[in-house]
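Visitor: Sharing a structure here in structure tokens format.
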Amino acid sequence: MSRPCVVEDASWYETIRMADGVTLIHEPWIKPFYRCNIWHVRGRDRDLLFDSGLGHVSLAAHVPLVTERKVVCVASHTHFDHIGCHHEFPDRCVHAAEAAILADPRNEWTLADRYATDDMFDALPERWDAAHYHIEPAPAGRILEHGAIIDLGDRAFEVVHTPGHSPGGIALYEKSTRTLLSGDIVYDGPLIDDAYHSQVDDYMATLERLRELDVDVVHGGHFPSFGRTRYRQIIDEYLALKRKPGCHLA
């Protein structure tokens with residue numbers, strides 16, 4: 001089987017402007033299951049970057065939006081597809097439970113050893129070599145806990161700890177717009193609860209809490225954004241599946 005075609009760095013990223021000053025940045029040549037949604041939010045005093053993608057192609061060099069103003073770069077969690085460019089931004093934040101991984105992102109800890117292969121792509125980035133892929137260390141300057149606030153000046157996002165997919169997963173909730181940047185705990189696709197540090201019982205408890213959150217729009221870590229009704233459907237379907245008799249909780 002022939003390898004996919006190669007895409008130049010300048011064409012690697014795509015940006016899509018959403019509502020409320022939110023912009024989606026993604027890597028369209030990565031297959032949807034592996035393709036991280038990178039969320040940029042415009043603030044008065046600083047901007048927010050929630051996740052940073054695969055990291056093989058520089059985000060700072062090829063997406064002007066992320067270097068126009070001061071930006072705080074937050075990790076939803078530390079799987080390889082979400083933290084690849086964190087080292088490019090000096091103001092970095094992560095939950096305490098995964099701070100050690102961001103500072104020392106070994107492939108076996110970030111799932112890169114399992115998933116960072118040629119099979120991820122519809123087209124390959126320049127210079128890609130799966131055997132040598134790794135993420136640069138990016139120690140966080142701020143360690144986040146549940147309830148912490150990411151302050152952009154005129155906007156405030158509350159940190160919601162979301163263990164289950166990974167121990168230090170977080171979502172960011174803006175009460176004024178009822179917007180949830182959900183990371184990988186809930187999105188409109190197959191939810192992953194079988195990574196080496198996933199815990200299904202924690203996942204269920206997190207979703208039970210999140211279901212009560214007053215949200216109008218959810219921007220997930222993968223796949224398209226969605227609204228309140230679909231949000232509750234996704235949660236209810238997952239919980240119903242895991243509560244079936246005979247379902248093993250890891």
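Following the order of the structure tokens, chains are lettered A, B, ..., residues in each are numbered from 1, and ligands are numbered from 1.
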With a distance cut-off of 10 Å and only C-alpha atoms, select the neighbouring residues of Pro167 (chain A), excluding the residue or stretch itself and same-chain residues fewer than 2 positions from it, and output the selection as a list in words.
Guide: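 Near Pro167 (chain A), the qualifying residues are His77, Thr78, His95, Ala96, Ala97, Glu98, His161, Thr162, Pro163, Gly164, His165, Gly169, Ile170, His197, Ser198, Gln199, Asp202 and Tyr203 of chain A.
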Visitor: Please save N, CA and C atoms of the selected residues as a JSON list (two decimals), in the first residue's frame.
Guide:
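This went into selection19.json:
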```json
[["chain", "number", "residue", "atom", "x", "y", "z"],
["A", 77, "HIS", "N", -5.93, 17.89, 28.64],
["A", 77, "HIS", "CA", -5.28, 16.72, 29.22],
["A", 77, "HIS", "C", -3.99, 16.52, 28.44],
["A", 78, "THR", "N", -3.24, 15.48, 28.72],
["A", 78, "THR", "CA", -1.89, 15.39, 28.16],
["A", 78, "THR", "C", -1.70, 14.25, 27.17],
["A", 95, "HIS", "N", -3.83, 20.63, 34.66],
["A", 95, "HIS", "CA", -4.29, 20.14, 35.95],
["A", 95, "HIS", "C", -3.14, 19.45, 36.69],
["A", 96, "ALA", "N", -3.20, 19.53, 38.00],
["A", 96, "ALA", "CA", -2.13, 18.98, 38.83],
["A", 96, "ALA", "C", -1.88, 17.51, 38.57],
["A", 97, "ALA", "N", -2.93, 16.74, 38.28],
["A", 97, "ALA", "CA", -2.79, 15.30, 38.11],
["A", 97, "ALA", "C", -1.99, 14.90, 36.88],
["A", 98, "GLU", "N", -1.81, 15.84, 35.94],
["A", 98, "GLU", "CA", -1.05, 15.50, 34.73],
["A", 98, "GLU", "C", 0.10, 16.47, 34.46],
["A", 161, "HIS", "N", -12.84, 19.99, 36.73],
["A", 161, "HIS", "CA", -12.05, 18.76, 36.69],
["A", 161, "HIS", "C", -12.93, 17.63, 36.18],
["A", 162, "THR", "N", -12.43, 16.90, 35.16],
["A", 162, "THR", "CA", -13.25, 15.88, 34.50],
["A", 162, "THR", "C", -12.50, 14.54, 34.42],
["A", 163, "PRO", "N", -12.16, 13.94, 35.54],
["A", 163, "PRO", "CA", -11.45, 12.65, 35.47],
["A", 163, "PRO", "C", -12.31, 11.57, 34.85],
["A", 164, "GLY", "N", -11.67, 10.61, 34.23],
["A", 164, "GLY", "CA", -12.36, 9.49, 33.59],
["A", 164, "GLY", "C", -11.62, 9.08, 32.33],
["A", 165, "HIS", "N", -11.57, 9.96, 31.35],
["A", 165, "HIS", "CA", -10.76, 9.71, 30.16],
["A", 165, "HIS", "C", -9.29, 9.69, 30.54],
["A", 169, "GLY", "N", -7.91, 15.37, 33.33],
["A", 169, "GLY", "CA", -8.72, 16.03, 32.31],
["A", 169, "GLY", "C", -9.49, 17.20, 32.90],
["A", 170, "ILE", "N", -9.61, 18.26, 32.10],
["A", 170, "ILE", "CA", -10.42, 19.39, 32.52],
["A", 170, "ILE", "C", -11.27, 19.88, 31.36],
["A", 197, "HIS", "N", -4.70, 5.00, 31.67],
["A", 197, "HIS", "CA", -5.05, 5.64, 32.94],
["A", 197, "HIS", "C", -6.51, 6.10, 32.98],
["A", 198, "SER", "N", -7.34, 5.55, 32.11],
["A", 198, "SER", "CA", -8.78, 5.83, 32.18],
["A", 198, "SER", "C", -9.42, 5.05, 33.33],
["A", 199, "GLN", "N", -10.52, 5.61, 33.86],
["A", 199, "GLN", "CA", -11.28, 4.95, 34.90],
["A", 199, "GLN", "C", -12.76, 5.14, 34.59],
["A", 202, "ASP", "N", -14.93, 6.77, 37.33],
["A", 202, "ASP", "CA", -14.70, 8.22, 37.37],
["A", 202, "ASP", "C", -15.39, 8.90, 36.19],
["A", 203, "TYR", "N", -15.34, 8.26, 35.04],
["A", 203, "TYR", "CA", -15.97, 8.81, 33.84],
["A", 203, "TYR", "C", -17.47, 8.99, 34.08]]
```
Visitor: I'd like the contact shell of Tyr187 (chain A) - 10 Å cut-off, only C-alpha atoms, skipping same-chain residues fewer than 2 positions apart - returned as a VMD selection string.
Guide: chain A and resid 181 to 185 189 to 191 218 to 226 230 to 231 234 to 235
Visitor: Name the residues of region 27-235 of chain A that come out as strand (DSSP E or B) in a backbone DSSP run; write them as a PyMOL selection string.
Guide: chain A and resi 30+38-41+47-50+71-74+92-95+121+124-125+142-144+149-151+156-161+170-174+179-183+217-220+226-227
Visitor: Within 7 Å of region 100-113 of chain A, counting only C-alpha atoms, which residues qualify if same-chain residues fewer than 5 places away don't, as a PyMOL selection string?
Guide: chain A and resi 78-80+134-135+137-139
Visitor: Please identify every residue of region 110-208 of chain A that has at least one atom no farther than 10 Å from an atom of region 13-36 of chain A, counting only C-alpha atoms, and for each give the shortest atom pair and the distance in Å to one decimal, arranged by chain then increasing number, as a Markdown table.
Guide:
```
| residue | atom | partner | partner_atom | distance |
| --- | --- | --- | --- | --- |
| A:Tyr115 | CA | A:Tyr34 | CA | 8.3 |
| A:Ala116 | CA | A:Tyr34 | CA | 9.0 |
| A:Asp118 | CA | A:Ile30 | CA | 9.7 |
| A:Asp119 | CA | A:Lys31 | CA | 8.5 |
| A:Met120 | CA | A:Lys31 | CA | 5.7 |
| A:Phe121 | CA | A:Ile30 | CA | 4.4 |
| A:Asp122 | CA | A:Trp29 | CA | 5.3 |
| A:Ala123 | CA | A:Trp29 | CA | 5.3 |
| A:Leu124 | CA | A:Trp29 | CA | 7.2 |
| A:Pro125 | CA | A:Trp29 | CA | 8.2 |
| A:Thr177 | CA | A:Asp20 | CA | 8.0 |
| A:Thr179 | CA | A:Asp20 | CA | 9.3 |
| A:Gly183 | CA | A:Cys36 | CA | 9.1 |
| A:Asp184 | CA | A:Cys36 | CA | 9.2 |
| A:Gly189 | CA | A:Phe33 | CA | 8.0 |
| A:Pro190 | CA | A:Phe33 | CA | 8.3 |
```
Visitor: Using the selection just defined, write its residues with C-alpha atoms as a tab-separated table (two decimals), in the first residue's frame.
Guide:
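Once written, result14.tsv looks like this:
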```
chain	number	residue	atom	x	y	z
A	115	TYR	CA	-1.62	5.96	18.04
A	116	ALA	CA	0.98	8.27	16.45
A	118	ASP	CA	0.96	6.86	9.50
A	119	ASP	CA	-2.56	5.47	9.84
A	120	MET	CA	-3.64	8.72	11.54
A	121	PHE	CA	-3.43	10.69	8.32
A	122	ASP	CA	-5.29	11.21	5.08
A	123	ALA	CA	-2.19	13.08	3.94
A	124	LEU	CA	1.18	13.28	5.67
A	125	PRO	CA	2.91	16.43	6.92
A	177	THR	CA	-22.33	32.54	27.47
A	179	THR	CA	-20.19	27.74	26.67
A	183	GLY	CA	-11.89	18.45	26.00
A	184	ASP	CA	-12.16	14.68	25.60
A	189	GLY	CA	-18.16	10.73	18.69
A	190	PRO	CA	-16.97	7.50	20.34
```
Visitor: Near Ala10 (chain A), within 12 Å and counting only C-alpha atoms, which residues show up once chain neighbours fewer than 3 positions away are dropped, as a list in words?
Guide: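 Using only C-alpha atoms, the neighbours found are Val6, Val7, Tyr13, Glu14, Glu27, Val57, Ser58, Leu59, Ala60, Ala61, His62, Val63, Pro64, Pro125 and Glu126 of chain A.
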Visitor: Limited to N, CA and C atoms, could you put the picked residues into a file as a PDB file, in the first residue's frame?
Guide:
```
ATOM      1  N   VAL A   6       1.910  14.086   0.545  1.00  0.00           N
ATOM      2  CA  VAL A   6       2.520  14.959   1.549  1.00  0.00           C
ATOM      3  C   VAL A   6       1.981  16.377   1.397  1.00  0.00           C
ATOM      4  N   VAL A   7       1.640  17.002   2.522  1.00  0.00           N
ATOM      5  CA  VAL A   7       1.095  18.361   2.551  1.00  0.00           C
ATOM      6  C   VAL A   7       2.148  19.309   3.106  1.00  0.00           C
ATOM      7  N   TYR A  13      -2.745  23.673   8.667  1.00  0.00           N
ATOM      8  CA  TYR A  13      -3.805  24.067   9.592  1.00  0.00           C
ATOM      9  C   TYR A  13      -4.951  24.762   8.868  1.00  0.00           C
ATOM     10  N   GLU A  14      -6.129  24.674   9.471  1.00  0.00           N
ATOM     11  CA  GLU A  14      -7.303  25.411   9.002  1.00  0.00           C
ATOM     12  C   GLU A  14      -7.935  26.089  10.207  1.00  0.00           C
ATOM     13  N   GLU A  27      -6.274  20.395  12.233  1.00  0.00           N
ATOM     14  CA  GLU A  27      -5.343  19.836  11.260  1.00  0.00           C
ATOM     15  C   GLU A  27      -6.149  18.912  10.341  1.00  0.00           C
ATOM     16  N   VAL A  57       3.913  20.080  13.088  1.00  0.00           N
ATOM     17  CA  VAL A  57       3.990  21.342  12.355  1.00  0.00           C
ATOM     18  C   VAL A  57       3.749  22.471  13.346  1.00  0.00           C
ATOM     19  N   SER A  58       4.621  23.452  13.352  1.00  0.00           N
ATOM     20  CA  SER A  58       4.531  24.549  14.315  1.00  0.00           C
ATOM     21  C   SER A  58       3.214  25.303  14.185  1.00  0.00           C
ATOM     22  N   LEU A  59       2.501  25.414  15.295  1.00  0.00           N
ATOM     23  CA  LEU A  59       1.273  26.198  15.346  1.00  0.00           C
ATOM     24  C   LEU A  59       1.602  27.694  15.336  1.00  0.00           C
ATOM     25  N   ALA A  60       2.590  28.080  16.108  1.00  0.00           N
ATOM     26  CA  ALA A  60       2.954  29.492  16.200  1.00  0.00           C
ATOM     27  C   ALA A  60       3.452  30.045  14.870  1.00  0.00           C
ATOM     28  N   ALA A  61       4.129  29.215  14.083  1.00  0.00           N
ATOM     29  CA  ALA A  61       4.699  29.679  12.815  1.00  0.00           C
ATOM     30  C   ALA A  61       3.669  29.769  11.700  1.00  0.00           C
ATOM     31  N   HIS A  62       2.577  29.007  11.799  1.00  0.00           N
ATOM     32  CA  HIS A  62       1.677  28.886  10.654  1.00  0.00           C
ATOM     33  C   HIS A  62       0.243  29.333  10.916  1.00  0.00           C
ATOM     34  N   VAL A  63      -0.078  29.720  12.154  1.00  0.00           N
ATOM     35  CA  VAL A  63      -1.411  30.245  12.463  1.00  0.00           C
ATOM     36  C   VAL A  63      -1.222  31.601  13.152  1.00  0.00           C
ATOM     37  N   PRO A  64      -1.250  32.698  12.394  1.00  0.00           N
ATOM     38  CA  PRO A  64      -0.982  34.022  12.985  1.00  0.00           C
ATOM     39  C   PRO A  64      -1.870  34.362  14.169  1.00  0.00           C
ATOM     40  N   PRO A 125       2.176  15.159   6.864  1.00  0.00           N
ATOM     41  CA  PRO A 125       2.909  16.426   6.919  1.00  0.00           C
ATOM     42  C   PRO A 125       4.337  16.218   6.422  1.00  0.00           C
ATOM     43  N   GLU A 126       4.963  17.309   6.004  1.00  0.00           N
ATOM     44  CA  GLU A 126       6.351  17.230   5.576  1.00  0.00           C
ATOM     45  C   GLU A 126       7.231  16.690   6.698  1.00  0.00           C
TER      46      GLU A 126
END
```
